[in-house]
Amino acid sequence: DSLRLDAKGMDIKNISLVKNGKNIPLKYKYEDSLSLAINLDKVYRNNESYTIYIDYTSKPNLLKAKGSAAINDAKGLYFINPDGKDKDKPTQIWTQGETESSSAWFPTIDKPEQKTTDEISMTVPAKYVTLSNGRLASQKTNKDGTRTDTWKMELPHSPYLFMMAVGDFKVYHDKWRNKPVDYYMEPKYAPYAKEIFGGTPEIIEFYSKTLGIDYPWNKYAQIVVRDYVSGAMENTTATLHGEFLNTTHRQLLDAYYDFGHQTIAHELFHQWFGDYVTAESWSNLTVNESFADFSEAIWAEHKYGKDAADAHNYEGMLSYLQDPEAASKDLVRFHYDDREDVFDNVTYQKGGCILYMLRNYLGDAAFYKGLNIYLKTNAFKNGEAQQLRLALEEASGRDLNWFFNQW
């Protein structure tokens with residue numbers, strides 16, 4: 001008989017039930033400006049569907065929200081140099097959903113265990129390029145000098161992975177097999193797009209073969225933005241990178257397997273571990289982030305040799321060991337003061353090292369077969385550490401309770 005939606009700091013103008021093409025207004029409460037309590041017209045069973053219409057204005061710039069060590073702000077939607085006053089900075093719009101900031105720009109159930117398709121329309125000055133999840137379904141030129149782009153995401157994913165970006169970007173078109181692989185760069189850095197991101201199709205191929213599951217989405221885009229609040233974000237089909245990837249040919253000459261290349265590999269692996277199968281809760285973030293960290297090492301091993309992978313793992317281990325507070329934290333944390341606290345060197349670096357160790361213990365064949373079972377069993381759904389254990393036990397025929405309990 002009721003629906004609760006996360007909606008942070010919005011002006012709500014109308015909430016209605018759509019029935020037979022008509023909008024029937026509903027009563028709602030929005031006392032804390034954080035969540036909407038909507039009274040429905042009747043009791044709905046779990047096999048019945050209904051459609052809600054919400055007319056609202058979001059005001060992310062006015063939102064007072066704090067982020068974490070990994071993500072230093074939580075406004076959800078960002079306007080960069082909106083009035084063009086800063087001559088050295090382009091005008092851009094971009095979003096950051098993780099952990100629960102998507103509800104700063106659209107009402108939703110802002111939890112990682114939710115999965116849904118989406119359709120996002122953006123009306124922007126015609127000179128700008130847009131990007132969002134899924135495919136560009138339509139572009140309509142308007143009489144007032146604007147253009148409306150509609151992007152459709154036809155496979156379910158979690159609300160924190162919804163994204164949009166707008167700005168003056170040049171797009172370099174690459175491909176993997178027959179799927180588009182695109183790189184969105186500021187015009188100044190566009191000539192180096194292939195040099196920066198050109199290894200992406202090769203990494204997609206390596207991950208697809210290693211996991212036994214071909215890249216599961218319709219496209220893969222990467223975009224580099226200004227003033228980003230974190231390193232990068234694995235939005236489904238559309239990864240967003242910070243400006244450290246705005247580099248030139250000269251800077252790239254001795255880049256080797258630097259932070260930028262590691263990040264490209266890391267965010268790409270999330271398209272399987274994080275997007276295709278998503279952590280059931282932030283407590284289980286290890287099944288997203290430990291795997292993305294682990295992927296940096298296996299790509300290094302494949303591309304640059306075992307020494308490069310060992311060096312990467314050694315650095316990760318040191319970053320964990322140098323933090324005296326880290327030793328008391330579990331990989332799966334059901335008790336935390338703030339969900340942002342789990343984005344740390346335990347979930348990332350320590351978790352990556354543990355997975356590397358588990359792979360050595362089980363051997364490649366059993367380990368990767370287990371990952372394949374985990375991904376197939378939980379495809380477009382959610383996963384947690386125990387499901388990973390069960391999948392690895394099925395693949396290897398061994399009991400792994402002792403390992404999971406220990407680590």
# chains A, B, ... in the order shown; residues from 1 in each chain; ligands from 1
>>> residues_around(residues="range 212-222 of chain A", least_positions_apart="5", cutoff="7 Å", atoms="only C-alpha atoms", output="ChimeraX atom specification")
/A:134,179-184,204,237-240,372
>>> residues_around(residues="Met185 in chain A", least_positions_apart="5", cutoff="8 Å", atoms="only C-alpha atoms", output="PyMOL selection string")
chain A and resi 169-171+190+193+223-225+246
>>> select_by_dssp(residues="range 10-155 of chain A", states="strand (DSSP E or B)", output="PyMOL selection string")
chain A and resi 11-19+22-25+28-29+35-39+51-57+77-80+92-95+108+116-125+129-132+135-141+146-155
>>> residues_around(residues="Thr123 in chain A", least_positions_apart="5", cutoff="8 Å", atoms="only C-alpha atoms", output="VMD selection string")
chain A and resid 146 to 149
>>> write_last_selection(atoms="C-alpha atoms", output="short mmCIF file (atom, residue, chain, number, x, y, z; two decimals), in the first residue's frame")
data_model
loop_
_atom_site.label_atom_id
_atom_site.label_comp_id
_atom_site.auth_asym_id
_atom_site.auth_seq_id
_atom_site.Cartn_x
_atom_site.Cartn_y
_atom_site.Cartn_z
CA THR A 146 19.22 22.58 -28.33
CA ARG A 147 19.23 18.86 -29.07
CA THR A 148 17.55 16.04 -27.14
CA ASP A 149 19.51 12.77 -26.89
#
>>> select_by_dssp(residues="range 135-370 of chain A", states="alpha helix (DSSP H)", output="PyMOL selection string")
chain A and resi 193-197+200-211+249-252+259-269+286-304+306-321+351-362+364-370
>>> closest_atom_pairs(of="range 38-141 of chain A", to="range 265-285 of chain A", cutoff="9 Å", atoms="only C-alpha atoms", output="CSV")
residue,atom,partner,partner_atom,distance
A:Thr99,CA,A:Trp282,CA,8.2
A:Lys111,CA,A:Ser281,CA,7.5
A:Pro112,CA,A:Ser281,CA,5.9
A:Glu113,CA,A:Glu280,CA,4.9
A:Gln114,CA,A:Glu280,CA,8.7
>>> residues_around(residues="range 247-260 of chain A", least_positions_apart="5", cutoff="12 Å", atoms="only C-alpha atoms", output="JSON list (two decimals) with C-alpha atoms, in the first residue's frame")
[["chain", "number", "residue", "atom", "x", "y", "z"],
["A", 185, "MET", "CA", 38.27, 13.31, -24.81],
["A", 186, "GLU", "CA", 38.58, 17.08, -24.68],
["A", 188, "LYS", "CA", 43.11, 19.25, -26.81],
["A", 189, "TYR", "CA", 43.81, 15.61, -25.84],
["A", 190, "ALA", "CA", 41.75, 13.89, -28.55],
["A", 191, "PRO", "CA", 44.81, 13.32, -30.81],
["A", 192, "TYR", "CA", 46.21, 11.02, -28.07],
["A", 193, "ALA", "CA", 42.98, 9.07, -27.44],
["A", 194, "LYS", "CA", 44.17, 5.95, -29.27],
["A", 195, "GLU", "CA", 47.53, 6.09, -27.52],
["A", 196, "ILE", "CA", 45.89, 6.44, -24.08],
["A", 197, "PHE", "CA", 43.02, 3.98, -24.44],
["A", 199, "GLY", "CA", 44.78, -1.21, -25.39],
["A", 224, "VAL", "CA", 37.73, 11.83, -19.24],
["A", 231, "GLY", "CA", 39.87, 8.23, -9.60],
["A", 232, "ALA", "CA", 37.40, 6.63, -12.00],
["A", 241, "HIS", "CA", 37.89, 8.82, -15.64],
["A", 242, "GLY", "CA", 39.50, 11.73, -13.83],
["A", 265, "ALA", "CA", 42.16, -2.35, -16.61],
["A", 266, "HIS", "CA", 40.52, -2.03, -13.16],
["A", 267, "GLU", "CA", 37.34, -0.26, -14.31],
["A", 293, "ASP", "CA", 42.24, -4.80, -7.91],
["A", 296, "GLU", "CA", 45.19, -5.11, -12.49],
["A", 297, "ALA", "CA", 47.65, -7.87, -11.54],
["A", 299, "TRP", "CA", 46.48, -8.03, -16.86],
["A", 300, "ALA", "CA", 50.02, -7.00, -15.85],
["A", 301, "GLU", "CA", 51.04, -10.68, -15.81],
["A", 303, "LYS", "CA", 50.81, -8.18, -20.92],
["A", 304, "TYR", "CA", 54.09, -7.37, -19.13],
["A", 305, "GLY", "CA", 55.10, -10.64, -17.45],
["A", 308, "ALA", "CA", 55.18, -6.85, -13.29],
["A", 309, "ALA", "CA", 52.28, -8.64, -11.58],
["A", 311, "ALA", "CA", 55.59, -5.91, -8.26],
["A", 312, "HIS", "CA", 51.99, -4.69, -8.45]]
>>> residues_around(residues="Ser132 in chain A", least_positions_apart="2", cutoff="10 Å", atoms="only C-alpha atoms", output="number ranges by chain")
A: 94-95, 119-122, 130, 134-136, 149-153, 162-166, 221, 235-239
